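J.: I have a structure I would like to understand better, so I am pasting it below and will then ask my questions one at a time.
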Amino acid sequence: MSTPTIRGQAINAAAVRRDFPVLSQTVNGRPLVYLDNAATSQTPRQVIDALVRYYETDNANVHRGIHALSMRASDQYERSRARLALFIGERKAEHVVFTRNATEAINLVAHAWGDRHVGAGDEILLTEMEHHSNIVPWQLLAQRKGARLVYAHIGSDGQLDLDEMRELIGPRTKLVAITHASNVLGTINPVAEIAGMARRVGAPVLLDAAQSAPHLAVDIEALGCDFLALSAHKMLGPTGVGALWAREERLAEMDPFLGGGGMIDRVDEQMSTWAPVPDRYEAGTPSIADAIAFEPAIEYLEQLGMDNVRQHEIELNALAIDRLHSMPGVTIHGPQSPEARAGVVSFALAGVHPHDIATILDTEGVAVRAGHHCAQLVMRRLGVPATTRASFYVYNTAHEIEALVEGLGKVRRVFG
């Protein structure tokens with residue numbers, strides 16, 4: 001694949017954009033300005049080519065056949081797993097389980113680990129800034145087991161109160177499940193410090209890295225978490241594949257999540273025994289093409305350099321915050337420092353509903369997200385029904401921030 005930039009140099013977004021066919025189109029007669037990356041990122045040609053190549057040359061099931069196509073597909077599938085493991089700082093590829101997405105990864109832990117280890121009276125600590133995918137699975141687990149959910153609050157600055165976290169983590173805490181970066185506020189949480197608090201009471205930490213793995217250098221040892229969930233489609237990869245990483249001792253504590261082909265060792269009439277990890281947690285035919293195409297997405301990010309990805313987004317954050325603050329009636333939610341947030345800026349424009357803002361911006365070719373962003377607890381804390389969210393990635397430019405601001409100027413003119 002072509003190298004879009006050299007590690008250690010700033011990202012040349014204009015050069016990067018040439019690898020993304022979708023970005024060359026016009027929408028409503030205007031060049032597409034795609035600022036909805038927190039929902040899903042766009043896909044470079046290298047990933048698209050990998051998908052096509054699999055279906056054209058290697059379309060076969062993995063781990064099943066001893067013919068050439070199956071063996072080639074299996075090799076590519078496992079190579080992608082190993083590449084992902086190294087990307088997050090894990091040397092043992094078998095500690096990475098492929099799932100459909102981060103949501104399924106969290107549900108896997110809630111069932112496979114939670115059903116065995118969480119009991120009546122236990123507490124699961126969450127935060128108000130969680131995506132629904134890191135709330136609802138624990139609600140269902142608590143209902144099944146008689147456990148209780150406890151929430152850490154968001155301060156007026158969009159940050160967690162670590163003193164409150166210390167008070168909430170106690171002898172009843174069975175699990176701490178937190179987001180690394182908020183999909184609404186952009187807040188980057190001090191995971192290592194929180195993990196240290198959890199370790200003191202013997203509670204494992206599940207990290208929702210769906211909004212951090214695409215944008216920050218993620219090192220599982222430095223973070224100190226026990227489980228980590230992510231999705232490929234937010235980090236230049238295809239939809240339909242995500243992953244769960246878990247420490248070896250945690251994987252040993254888990255029961256199977258789904259039963260079926262591929263996850264068994266021996267099947268008898270009344271009982272079965274299980275395959276080793278990670279196969280134990282990958283029942284049935286997986287999303288083979290998507291998993292294989294995940295590797296070139298990871299390779300693309302590695303060649304850009306995650307430190308460069310982070311710096312590029314900080315610069316876009318700084319410009320967006322500065323330009324939005326200059327507009328009368330605009331309120332930016334979350335940390336005001338560009339360095340304190342991922343590439344996400346949620347805002348309100350006084351007197352205009354976020355859905356109307358997004359609709360008018362679309363007429364200008366600017367794609368943003370409006371709504372509660374699957375984070376209704378955040379909306380209640382902010383006292384709003386919804387926000388407008390602009391989210392950035394490696395191919396976004398300063399010119400596109402200006403297009404957003406110009407589009408908001410049209411919103412203000414339409415609504416007076």
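Here's how to read the names in the structure tokens: chain A, B, ... by the order shown, residue numbers from 1 in each chain, ligand numbers from 1 in the order shown.
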Would you kindly return, as a count of residues only, each protein, DNA or RNA residue with an atom no farther than 6 Å from any atom of segment 42-54 of chain A, considering only C-alpha atoms and excluding same-chain residues fewer than 6 positions away?
T.: 6
J.: What's around Ala370 of chain A at 10 Å? Count only C-alpha atoms, leave out sequence neighbours fewer than 5 positions away in its own chain, and write the answer as a ChimeraX atom specification.
T.: /A:36,346-347,353-359,386-390
J.: Produce a table with one row for each residue of segment 146-196 of chain A that has an atom at most 7 Å from any atom of segment 213-230 of chain A, each row naming the nearest atom pair and its distance in Å at one decimal; use only C-alpha atoms; arrange rows by chain and rising residue number; format as a tab-separated table.
T.:
```
residue	atom	partner	partner_atom	distance
A:Val191	CA	A:Leu223	CA	5.8
A:Ala192	CA	A:Leu223	CA	4.5
A:Ala195	CA	A:Gly224	CA	5.7
```
J.: Between A:Arg323, A:Lys410, A:Arg81, A:Arg380, which one has atoms that come closest to Asp362 of chain A, using only C-alpha atoms?
T.: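 Using only C-alpha atoms, the shortest distance to Asp362 of chain A belongs to A:Lys410.
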J.: Please provide the set of residues having any atom within 12 Å of Ile264 of chain A, restricted to only C-alpha atoms, with same-chain residues fewer than 4 positions apart removed, written as a count of residues only.
T.: 19
J.: With only C-alpha atoms as the counted atoms, please give the residues lying no more than 8 Å from Val378 of chain A, apart from itself and same-chain residues fewer than 6 positions off, as a PyMOL selection string.
T.: chain A and resi 128-130+184
J.: What is the distance, in Å and to one decimal place, between atom CA of Met379 of chain A and atom CA of Gly114 of chain A?
T.: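 Atom CA of Gly114 of chain A lies at a distance of 28.0 Å from atom CA of Met379 of chain A.
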J.: In terms of the shortest atom-to-atom distance over only C-alpha atoms, which of A:Ala340, A:Val118, A:Val201, A:Leu207 is closest to Gln159 of chain A?
T.: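 Comparing A:Ala340, A:Val118, A:Val201, A:Leu207 against Gln159 of chain A, the winner is A:Ala340.
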J.: Looking at A:Glu164, A:Asp208, A:Glu193, A:Asp122, which one is nearest to Ile106 of chain A, with distances taken over only C-alpha atoms?
T.: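 Among the listed residues, A:Asp208 lies closest to Ile106 of chain A.
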J.: Would you please work out which residue, of A:Ala10, A:Arg250, A:Arg18, A:Ala243, is nearest to Ala93 of chain A when using only C-alpha atoms?
T.: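 Answer, going by the shortest atom-to-atom distance: A:Ala243.
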J.: Enumerate as a PyMOL selection string all residues of segment 95-299 of chain A assigned to strand (DSSP E) by DSSP on the backbone, naming them with the chain letters and numbers the document uses.
T.: chain A and resi 96-99+123-127+148-152+173-179+205-208+227-231+242-246+264-267+272-274
